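Okay, input10.pdb is below, PDB, C-alpha atoms:
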MODEL        1
ATOM      1  CA  MET A  16     101.065 -30.115   7.915
ATOM      2  CA  THR A  17     101.228 -33.618   9.281
ATOM      3  CA  TYR A  18      97.570 -34.131   8.386
ATOM      4  CA  SER A  19      98.168 -33.156   4.773
ATOM      5  CA  SER A  20     101.043 -35.620   4.339
ATOM      6  CA  ARG A  21      99.076 -38.465   5.918
ATOM      7  CA  ILE A  22      96.087 -37.757   3.710
ATOM      8  CA  CYS A  23      98.340 -37.691   0.649
ATOM      9  CA  SER A  24      99.837 -41.086   1.514
ATOM     10  CA  LEU A  25      96.347 -42.537   1.867
ATOM     11  CA  LYS A  26      95.005 -40.912  -1.289
ATOM     12  CA  ASP A  27      97.796 -42.483  -3.394
ATOM     13  CA  ALA A  28      95.861 -45.736  -3.218
ATOM     14  CA  SER A  29      92.449 -44.123  -3.571
ATOM     15  CA  GLY A  30      93.124 -41.811  -6.503
ATOM     16  CA  ILE A  31      91.668 -38.794  -4.659
ATOM     17  CA  LEU A  32      93.561 -35.561  -5.210
ATOM     18  CA  ALA A  33      94.809 -33.532  -2.267
ATOM     19  CA  SER A  34      93.555 -30.432  -4.093
ATOM     20  CA  SER A  35      90.015 -31.550  -3.234
ATOM     21  CA  LEU A  36      90.606 -30.681   0.431
ATOM     22  CA  LYS A  37      88.105 -28.153   1.705
ATOM     23  CA  VAL A  38      87.927 -25.839   4.710
ATOM     24  CA  ASP A  39      84.446 -24.791   5.780
ATOM     25  CA  GLY A  40      83.210 -26.074   2.435
ATOM     26  CA  VAL A  41      85.532 -23.959   0.266
ATOM     27  CA  PRO A  42      89.018 -24.485  -1.231
ATOM     28  CA  VAL A  43      91.876 -23.762   1.124
ATOM     29  CA  ASP A  44      93.104 -20.655  -0.687
ATOM     30  CA  SER A  45      89.564 -19.226  -0.735
ATOM     31  CA  TYR A  46      89.200 -19.769   3.004
ATOM     32  CA  LEU A  47      92.561 -18.156   3.611
ATOM     33  CA  THR A  48      91.826 -14.998   1.612
ATOM     34  CA  LYS A  49      88.398 -14.618   3.263
ATOM     35  CA  PHE A  50      89.454 -15.561   6.775
ATOM     36  CA  VAL A  51      87.198 -14.263   9.541
ATOM     37  CA  TRP A  52      87.871 -14.798  13.237
ATOM     38  CA  ASP A  53      85.482 -17.325  14.808
ATOM     39  CA  GLU A  54      84.063 -15.410  17.752
ATOM     40  CA  VAL A  55      81.964 -18.392  18.875
ATOM     41  CA  LYS A  56      84.895 -20.783  19.335
ATOM     42  CA  TYR A  57      87.412 -18.196  20.457
ATOM     43  CA  PRO A  58      85.832 -15.092  22.029
ATOM     44  CA  THR A  59      88.152 -12.156  21.489
ATOM     45  CA  MET A  60      87.490 -10.939  25.030
ATOM     46  CA  SER A  61      89.234 -14.050  26.390
ATOM     47  CA  PRO A  62      92.901 -13.872  27.442
ATOM     48  CA  LEU A  63      95.338 -14.840  24.670
ATOM     49  CA  LYS A  64      96.645 -17.801  26.689
ATOM     50  CA  GLU A  65      93.120 -19.165  27.031
ATOM     51  CA  ILE A  66      92.574 -18.855  23.283
ATOM     52  CA  VAL A  67      95.883 -20.575  22.481
ATOM     53  CA  ASP A  68      95.198 -23.355  24.992
ATOM     54  CA  GLY A  69      91.766 -23.898  23.410
ATOM     55  CA  ILE A  70      93.292 -24.162  19.927
ATOM     56  CA  HIS A  71      95.930 -26.579  21.192
ATOM     57  CA  ALA A  72      93.380 -28.759  22.984
ATOM     58  CA  GLN A  73      91.208 -29.052  19.871
ATOM     59  CA  VAL A  74      94.122 -30.013  17.619
ATOM     60  CA  ALA A  75      95.555 -32.419  20.215
ATOM     61  CA  LYS A  76      92.198 -34.229  20.440
ATOM     62  CA  ILE A  77      92.072 -34.626  16.649
ATOM     63  CA  ASP A  78      95.676 -35.832  16.596
ATOM     64  CA  ASP A  79      94.983 -38.475  19.259
ATOM     65  CA  ASP A  80      91.950 -39.667  17.314
ATOM     66  CA  LEU A  81      94.034 -39.827  14.144
ATOM     67  CA  LYS A  82      96.682 -41.989  15.821
ATOM     68  CA  VAL A  83      94.039 -44.457  17.007
ATOM     69  CA  ARG A  84      92.436 -44.687  13.559
ATOM     70  CA  ILE A  85      95.753 -45.110  11.737
ATOM     71  CA  ALA A  86      96.877 -47.766  14.225
ATOM     72  CA  GLU A  87      93.647 -49.692  13.605
ATOM     73  CA  TYR A  88      94.089 -49.435   9.833
ATOM     74  CA  ASN A  89      97.789 -50.408   9.955
ATOM     75  CA  ASN A  90      96.991 -53.407  12.157
ATOM     76  CA  VAL A  91      94.643 -54.867   9.539
ATOM     77  CA  ARG A  92      97.060 -54.024   6.723
ATOM     78  CA  SER A  93      99.922 -55.724   8.598
ATOM     79  CA  GLN A  94      97.869 -58.890   8.988
ATOM     80  CA  LEU A  95      97.158 -58.911   5.245
ATOM     81  CA  ASN A  96     100.815 -58.300   4.423
ATOM     82  CA  ALA A  97     101.829 -61.190   6.665
ATOM     83  CA  ILE A  98      99.441 -63.527   4.824
ATOM     84  CA  ASN A  99     100.687 -62.309   1.439
ATOM     85  CA  ARG A 100     104.305 -62.856   2.447
ATOM     86  CA  LYS A 101     103.518 -66.452   3.356
ATOM     87  CA  GLN A 102     101.830 -67.042   0.015
ATOM     88  CA  THR A 103     104.253 -65.215  -2.281
ATOM     89  CA  GLY A 104     107.475 -64.959  -0.296
ATOM     90  CA  SER A 105     110.590 -67.101  -0.514
ATOM     91  CA  GLN A 106     109.674 -70.727  -1.076
ATOM     92  CA  ARG A 107     111.933 -71.779   1.752
ATOM     93  CA  THR A 108     109.770 -69.823   4.198
ATOM     94  CA  LEU A 109     106.307 -70.709   2.924
ATOM     95  CA  SER A 110     103.706 -72.201   5.261
ATOM     96  CA  VAL A 111     103.068 -75.946   5.568
ATOM     97  CA  GLN A 112     100.312 -75.571   2.980
ATOM     98  CA  ASN A 113     102.956 -74.497   0.420
ATOM     99  CA  THR A 114     106.129 -76.424   1.312
ATOM    100  CA  TRP A 115     108.601 -77.140  -1.451
ATOM    101  CA  LEU A 116     110.499 -80.397  -2.094
ATOM    102  CA  ARG A 117     113.773 -79.908  -3.820
ATOM    103  CA  SER A 118     115.003 -81.999  -6.824
ATOM    104  CA  LEU A 119     113.316 -82.949 -10.017
ATOM    105  CA  GLN A 120     114.366 -86.606  -9.535
ATOM    106  CA  TRP A 121     111.672 -87.003  -6.900
ATOM    107  CA  LEU A 122     109.357 -89.026  -9.141
ATOM    108  CA  SER A 123     112.027 -91.546  -9.949
ATOM    109  CA  CYS A 124     112.733 -92.541  -6.356
ATOM    110  CA  TYR A 125     109.937 -91.665  -3.950
ATOM    111  CA  GLU A 126     108.106 -95.026  -4.332
ATOM    112  CA  THR A 127     111.191 -96.962  -3.227
ATOM    113  CA  LEU A 128     112.313 -94.798  -0.328
ATOM    114  CA  THR A 129     110.376 -97.031   2.101
ATOM    115  CA  THR A 130     108.058-100.028   1.908
ATOM    116  CA  TYR A 131     104.647 -98.525   2.553
ATOM    117  CA  VAL A 132     104.431 -95.705   0.014
ATOM    118  CA  VAL A 133     101.268 -95.728  -2.102
ATOM    119  CA  PRO A 134     102.392 -96.199  -5.743
ATOM    120  CA  ARG A 135     101.795 -93.314  -8.161
ATOM    121  CA  SER A 136     100.392 -91.216  -5.296
ATOM    122  CA  SER A 137     102.807 -88.298  -5.713
ATOM    123  CA  LYS A 138     101.384 -85.302  -7.556
ATOM    124  CA  ASN A 139     103.110 -82.126  -8.694
ATOM    125  CA  ARG A 140     101.292 -79.182  -7.153
ATOM    126  CA  HIS A 141     103.569 -76.359  -8.204
ATOM    127  CA  GLU A 142     107.095 -75.645  -9.441
ATOM    128  CA  ASP A 143     109.402 -72.841 -10.513
ATOM    129  CA  ASN A 144     113.005 -72.540 -11.678
ATOM    130  CA  GLU A 145     114.404 -73.789  -8.380
ATOM    131  CA  TYR A 146     111.861 -75.912  -6.560
ATOM    132  CA  ALA A 147     108.990 -78.312  -7.114
ATOM    133  CA  LEU A 148     106.188 -79.094  -4.675
ATOM    134  CA  TYR A 149     104.899 -82.668  -4.572
ATOM    135  CA  THR A 150     102.429 -84.508  -2.398
ATOM    136  CA  VAL A 151     102.820 -88.172  -1.523
ATOM    137  CA  THR A 152     100.584 -90.660   0.318
ATOM    138  CA  LEU A 153     101.873 -93.400   2.627
ATOM    139  CA  PHE A 154     100.927 -95.383   5.702
ATOM    140  CA  ASN A 155     101.114 -93.435   8.919
ATOM    141  CA  ARG A 156     103.293 -96.074  10.616
ATOM    142  CA  ASP A 157     105.918 -95.533   7.919
ATOM    143  CA  ALA A 158     105.948 -91.730   8.126
ATOM    144  CA  ASP A 159     108.979 -91.295  10.400
ATOM    145  CA  HIS A 160     111.081 -93.747   8.389
ATOM    146  CA  PHE A 161     110.051 -92.006   5.135
ATOM    147  CA  ARG A 162     111.100 -88.611   6.506
ATOM    148  CA  ILE A 163     114.565 -89.934   7.357
ATOM    149  CA  LYS A 164     115.090 -91.535   3.947
ATOM    150  CA  ALA A 165     113.801 -88.515   2.063
ATOM    151  CA  ARG A 166     116.045 -86.115   3.976
ATOM    152  CA  GLU A 167     119.016 -88.352   3.286
ATOM    153  CA  ARG A 168     118.330 -87.690  -0.414
ATOM    154  CA  GLY A 169     118.187 -83.925   0.163
ATOM    155  CA  PHE A 170     114.396 -83.504   0.052
ATOM    156  CA  GLN A 171     112.560 -81.163   2.396
ATOM    157  CA  ILE A 172     109.620 -82.929   4.040
ATOM    158  CA  ARG A 173     106.592 -81.423   5.763
ATOM    159  CA  ASP A 174     103.433 -83.086   7.024
ATOM    160  CA  PHE A 175     100.199 -82.045   5.400
ATOM    161  CA  GLU A 176      96.733 -82.950   6.593
ATOM    162  CA  TYR A 177      93.922 -81.436   4.586
ATOM    163  CA  ASN A 178      91.140 -79.988   6.677
ATOM    164  CA  SER A 179      88.302 -78.411   4.731
ATOM    165  CA  GLU A 180      87.104 -76.501   7.795
ATOM    166  CA  ASN A 181      90.540 -74.960   8.343
ATOM    167  CA  GLN A 182      90.856 -74.089   4.685
ATOM    168  CA  GLU A 183      87.463 -72.416   4.659
ATOM    169  CA  SER A 184      88.254 -70.608   7.908
ATOM    170  CA  ARG A 185      91.483 -69.211   6.447
ATOM    171  CA  LYS A 186      89.666 -68.123   3.306
ATOM    172  CA  GLN A 187      86.965 -66.369   5.300
ATOM    173  CA  LYS A 188      89.571 -64.668   7.496
ATOM    174  CA  LEU A 189      91.412 -63.370   4.437
ATOM    175  CA  GLU A 190      88.223 -62.073   2.841
ATOM    176  CA  LYS A 191      87.182 -60.364   6.077
ATOM    177  CA  LEU A 192      90.589 -58.710   6.450
ATOM    178  CA  MET A 193      90.388 -57.387   2.891
ATOM    179  CA  GLN A 194      86.900 -56.022   3.489
ATOM    180  CA  ASP A 195      87.973 -54.497   6.812
ATOM    181  CA  GLN A 196      90.962 -52.815   5.160
ATOM    182  CA  GLU A 197      88.832 -51.226   2.449
ATOM    183  CA  SER A 198      86.202 -50.135   4.965
ATOM    184  CA  LEU A 199      88.792 -48.665   7.334
ATOM    185  CA  LYS A 200      90.628 -46.895   4.502
ATOM    186  CA  SER A 201      87.419 -45.335   3.221
ATOM    187  CA  SER A 202      86.365 -44.289   6.716
ATOM    188  CA  LEU A 203      89.830 -42.941   7.541
ATOM    189  CA  LEU A 204      90.013 -40.910   4.342
ATOM    190  CA  GLN A 205      86.620 -39.357   4.982
ATOM    191  CA  TRP A 206      87.575 -38.556   8.560
ATOM    192  CA  CYS A 207      90.880 -37.037   7.428
ATOM    193  CA  TYR A 208      89.200 -34.760   4.902
ATOM    194  CA  THR A 209      86.750 -33.555   7.533
ATOM    195  CA  SER A 210      89.358 -33.166  10.257
ATOM    196  CA  TYR A 211      91.794 -31.396   7.943
ATOM    197  CA  GLY A 212      89.361 -28.485   7.681
ATOM    198  CA  GLU A 213      89.056 -28.299  11.466
ATOM    199  CA  VAL A 214      92.832 -28.387  11.939
ATOM    200  CA  PHE A 215      93.372 -25.786   9.222
ATOM    201  CA  THR A 216      90.919 -23.339  10.792
ATOM    202  CA  SER A 217      92.569 -23.864  14.175
ATOM    203  CA  TRP A 218      95.980 -23.211  12.669
ATOM    204  CA  MET A 219      94.816 -20.025  10.953
ATOM    205  CA  HIS A 220      93.408 -18.741  14.239
ATOM    206  CA  PHE A 221      96.736 -19.513  15.873
ATOM    207  CA  CYS A 222      98.534 -17.587  13.099
ATOM    208  CA  ALA A 223      96.161 -14.665  13.694
ATOM    209  CA  VAL A 224      97.044 -14.741  17.398
ATOM    210  CA  ARG A 225     100.740 -14.672  16.495
ATOM    211  CA  LEU A 226     100.204 -11.720  14.193
ATOM    212  CA  PHE A 227      98.331  -9.847  16.882
ATOM    213  CA  ALA A 228     100.966 -10.581  19.543
ATOM    214  CA  GLU A 229     103.889  -9.735  17.225
ATOM    215  CA  SER A 230     102.234  -6.485  16.172
ATOM    216  CA  ILE A 231     101.579  -5.416  19.757
ATOM    217  CA  LEU A 232     105.167  -6.212  20.712
ATOM    218  CA  ARG A 233     106.483  -4.269  17.727
ATOM    219  CA  TYR A 234     104.138  -1.307  17.578
ATOM    220  CA  GLY A 235     102.774  -1.147  21.134
ATOM    221  CA  LEU A 236      99.294  -0.234  22.372
ATOM    222  CA  PRO A 237      96.634   0.600  21.447
ATOM    223  CA  PRO A 238      96.532  -1.945  18.590
ATOM    224  CA  SER A 239      96.362  -0.200  15.232
ATOM    225  CA  PHE A 240      97.372  -2.237  12.221
ATOM    226  CA  LEU A 241      96.085  -3.781   8.995
ATOM    227  CA  LEU A 242      95.975  -7.521   8.224
ATOM    228  CA  VAL A 243      96.503  -8.424   4.559
ATOM    229  CA  VAL A 244      96.930 -11.719   2.705
ATOM    230  CA  LEU A 245      99.270 -11.542  -0.288
ATOM    231  CA  SER A 246     100.173 -14.289  -2.745
ATOM    232  CA  PRO A 247     102.823 -12.972  -5.146
ATOM    233  CA  SER A 248     104.574 -15.215  -7.645
ATOM    234  CA  VAL A 249     108.091 -16.320  -6.777
ATOM    235  CA  LYS A 250     109.559 -13.960  -9.387
ATOM    236  CA  SER A 251     107.685 -10.904  -8.122
ATOM    237  CA  GLU A 252     108.164 -11.475  -4.386
ATOM    238  CA  LYS A 253     111.256  -9.282  -4.111
ATOM    239  CA  LYS A 254     109.528  -6.433  -5.944
ATOM    240  CA  VAL A 255     106.409  -6.727  -3.757
ATOM    241  CA  ARG A 256     108.489  -6.605  -0.581
ATOM    242  CA  THR A 257     110.288  -3.491  -1.804
ATOM    243  CA  ILE A 258     106.927  -1.779  -2.385
ATOM    244  CA  LEU A 259     105.677  -2.854   1.065
ATOM    245  CA  GLU A 260     108.780  -1.524   2.755
ATOM    246  CA  GLY A 261     108.177   1.820   1.056
ATOM    247  CA  LEU A 262     104.550   1.881   2.200
ATOM    248  CA  CYS A 263     105.498   1.014   5.762
ATOM    249  CA  GLY A 264     108.032   3.771   6.101
ATOM    250  CA  ASN A 265     105.697   6.015   8.127
ATOM    251  CA  SER A 266     102.865   3.656   9.054
ATOM    252  CA  ASN A 267     102.170   0.783  11.339
ATOM    253  CA  SER A 268     101.025  -2.039   9.040
ATOM    254  CA  THR A 269     100.925  -5.780   9.358
ATOM    255  CA  PHE A 270     101.019  -8.074   6.341
ATOM    256  CA  TRP A 271     100.165 -11.741   6.281
ATOM    257  CA  LYS A 272     101.646 -13.361   3.186
ATOM    258  CA  THR A 273     101.076 -16.716   1.471
ATOM    259  CA  GLU A 274     103.506 -18.314  -0.913
ATOM    260  CA  ASP A 275     103.131 -20.757  -3.823
ATOM    261  CA  GLU A 276      99.457 -20.310  -4.570
ATOM    262  CA  GLY A 277      97.531 -23.539  -4.981
ATOM    263  CA  SER A 278      99.831 -25.700  -2.877
ATOM    264  CA  MET A 279      99.082 -27.091   0.695
ATOM    265  CA  ALA A 280     101.611 -28.146   3.420
ATOM    266  CA  SER A 281     103.399 -26.826   6.466
ATOM    267  CA  LEU A 282     101.802 -23.664   7.709
ATOM    268  CA  GLY A 283     103.200 -20.664   9.435
ATOM    269  CA  GLY A 284     106.939 -20.507   9.756
ATOM    270  CA  LYS A 285     109.489 -18.038  10.966
ATOM    271  CA  ALA A 286     108.517 -14.406  11.292
ATOM    272  CA  ASP A 287     110.572 -12.576   8.656
ATOM    273  CA  ALA A 288     112.625  -9.511   9.627
ATOM    274  CA  HIS A 289     110.921  -6.645   7.772
ATOM    275  CA  PRO A 290     109.534  -3.223   8.752
ATOM    276  CA  TYR A 291     106.181  -4.985   8.899
ATOM    277  CA  VAL A 292     105.164  -8.266  10.561
ATOM    278  CA  SER A 293     105.319 -10.984   7.921
ATOM    279  CA  PHE A 294     104.581 -14.695   8.248
ATOM    280  CA  THR A 295     105.068 -17.064   5.317
ATOM    281  CA  ILE A 296     102.447 -19.781   4.911
ATOM    282  CA  ASN A 297     103.363 -22.580   2.524
ATOM    283  CA  LEU A 298     100.476 -24.392   0.872
ATOM    284  CA  ILE A 299     100.948 -27.748  -0.905
TER     285      ILE A 299
ENDMDL
END
Could you take the file, read its structure, and then write that structure out as structure tokens?
Amino acid sequence: MTYSSRICSLKDASGILASSLKVDGVPVDSYLTKFVWDEVKYPTMSPLKEIVDGIHAQVAKIDDDLKVRIAEYNNVRSQLNAINRKQTGSQRTLSVQNTWLRSLQWLSCYETLTTYVVPRSSKNRHEDNEYALYTVTLFNRDADHFRIKARERGFQIRDFEYNSENQESRKQKLEKLMQDQESLKSSLLQWCYTSYGEVFTSWMHFCAVRLFAESILRYGLPPSFLLVVLSPSVKSEKKVRTILEGLCGNSNSTFWKTEDEGSMASLGGKADAHPYVSFTINLI
């Protein structure tokens, strides 16, 4: 299911196992083997189309809510990623706060580039194998001339004006984004675990409707068939099907089979061509 894959991608960062998913407070396989039609949500006296439309409406509402929540979470995460790229990305694309001046000969010439440079004012703030970042102090009236001379030597120049308020504002914004991301992730995970159960029950009711409709179309009225959940191992599946085909030789029976016990993923697939109605439900 889409919900299962989205939960799994979220849980990778949270360390929560997908096997902890519950439906009506019980493990998925337990719910499946003890499935009972919900007469309150879907009265059996209602037309099949009305039941199907009700199931679809419920799942569609959850899906719309999921899209809104994921968009909100991804928006905050994108903002954080953008900040991280500025701080740790290529040095040629860093923000003004982290601009790099090329050449290790900077210290030997910066004081003489123009007249009004403050002596010994240049400080190394950071360096790596390719670039070094230096600050330098000079008179404002000499700034344009200094830029020209520095660029003639191959240095990259950016203006920097320290503003404690701006620095603090950026720090607070980053901290808030990190807190918002954790809060949204926690809230989204909890919502997904709750909503997964609701979607799963809706899907099982839809599968039951399919079984009913397929059985009526195959065996006719009045409805007279048996619903069974089977979970054979992969090796024994062929043998089980052979036995079922023998049992169904002179009876009208319907079998509802699950495959790969303990797993949970896409549910309900093609209706297999057998002398009984058979739907395969894959659980990851």
task = Would you write out, as JSON, numbers by chain, every residue that the PyMOL selection byres ((chain A and resi 207-221) around 8) captures in this file?
result = {"A": [18, 19, 22, 36, 37, 38, 39, 47, 52, 67, 70, 73, 74, 77, 81, 203, 204, 205, 206, 222, 223, 224, 225, 282]}
Taking the file as I've supplied it (selection: the PyMOL selection byres ((chain A and resi 163-166) around 10)), which residues are included? Please answer as a short mmCIF file (atom, residue, chain, number, x, y, z; two decimals) with C-alpha atoms, in the coordinates of the input.
data_model
loop_
_atom_site.label_atom_id
_atom_site.label_comp_id
_atom_site.auth_asym_id
_atom_site.auth_seq_id
_atom_site.Cartn_x
_atom_site.Cartn_y
_atom_site.Cartn_z
CA LEU A 116 110.50 -80.40 -2.09
CA TRP A 121 111.67 -87.00 -6.90
CA CYS A 124 112.73 -92.54 -6.36
CA TYR A 125 109.94 -91.66 -3.95
CA THR A 127 111.19 -96.96 -3.23
CA LEU A 128 112.31 -94.80 -0.33
CA THR A 129 110.38 -97.03 2.10
CA ALA A 158 105.95 -91.73 8.13
CA ASP A 159 108.98 -91.30 10.40
CA HIS A 160 111.08 -93.75 8.39
CA PHE A 161 110.05 -92.01 5.14
CA ARG A 162 111.10 -88.61 6.51
CA GLU A 167 119.02 -88.35 3.29
CA ARG A 168 118.33 -87.69 -0.41
CA GLY A 169 118.19 -83.92 0.16
CA PHE A 170 114.40 -83.50 0.05
CA GLN A 171 112.56 -81.16 2.40
CA ILE A 172 109.62 -82.93 4.04
#
Mind working out the centre and edge lengths of an axis-aligned box for stretch 244-256 of chain A, all listed atoms inside, 5 Å added to each side, rounded to one decimal in Å and written as AutoDock Vina command-line options?
--center_x 104.1 --center_y -11.4 --center_z -3.3 --size_x 24.3 --size_y 19.9 --size_z 22.1
key: For A:Leu199: contacts at 10 Å, all atoms listed in the file, fewer than 4 positions along chain excluded, given as number ranges by chain   = A: 84-85, 87-89, 91-92, 193-195, 203-205
Dump C-alpha atoms for the selected residues as a PDB file, keeping the file's coordinate frame?
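Resulting contents of result_7.pdb:
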ATOM      1  CA  ARG A  84      92.436 -44.687  13.559  1.00  0.00           C
ATOM      2  CA  ILE A  85      95.753 -45.110  11.737  1.00  0.00           C
ATOM      3  CA  GLU A  87      93.647 -49.692  13.605  1.00  0.00           C
ATOM      4  CA  TYR A  88      94.089 -49.435   9.833  1.00  0.00           C
ATOM      5  CA  ASN A  89      97.789 -50.408   9.955  1.00  0.00           C
ATOM      6  CA  VAL A  91      94.643 -54.867   9.539  1.00  0.00           C
ATOM      7  CA  ARG A  92      97.060 -54.024   6.723  1.00  0.00           C
ATOM      8  CA  MET A 193      90.388 -57.387   2.891  1.00  0.00           C
ATOM      9  CA  GLN A 194      86.900 -56.022   3.489  1.00  0.00           C
ATOM     10  CA  ASP A 195      87.973 -54.497   6.812  1.00  0.00           C
ATOM     11  CA  LEU A 203      89.830 -42.941   7.541  1.00  0.00           C
ATOM     12  CA  LEU A 204      90.013 -40.910   4.342  1.00  0.00           C
ATOM     13  CA  GLN A 205      86.620 -39.357   4.982  1.00  0.00           C
TER      14      GLN A 205
END
query = Out of A:Leu259, A:Leu192, A:Val243, A:Leu226, which residue has the shortest atom-to-atom distance to A:Asn99 when counting all atoms listed in the file?
reply = A:Leu192
query = When distances are computed from only C-alpha atoms, which of A:Asn155, A:Leu242, A:Asp68, A:Ile98 shows the smallest separation from A:Val51?
reply =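 The shortest atom-to-atom distance to A:Val51 comes from A:Leu242.
For the pair atom CA of A:Arg100 and atom CA of A:Val151, the separation is 25.7 Å.
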key: Shell of 10 Å around A:Val255, all atoms listed in the file, local chain residues under 6 positions omitted, as a PyMOL selection string   = chain A and resi 245-248+261
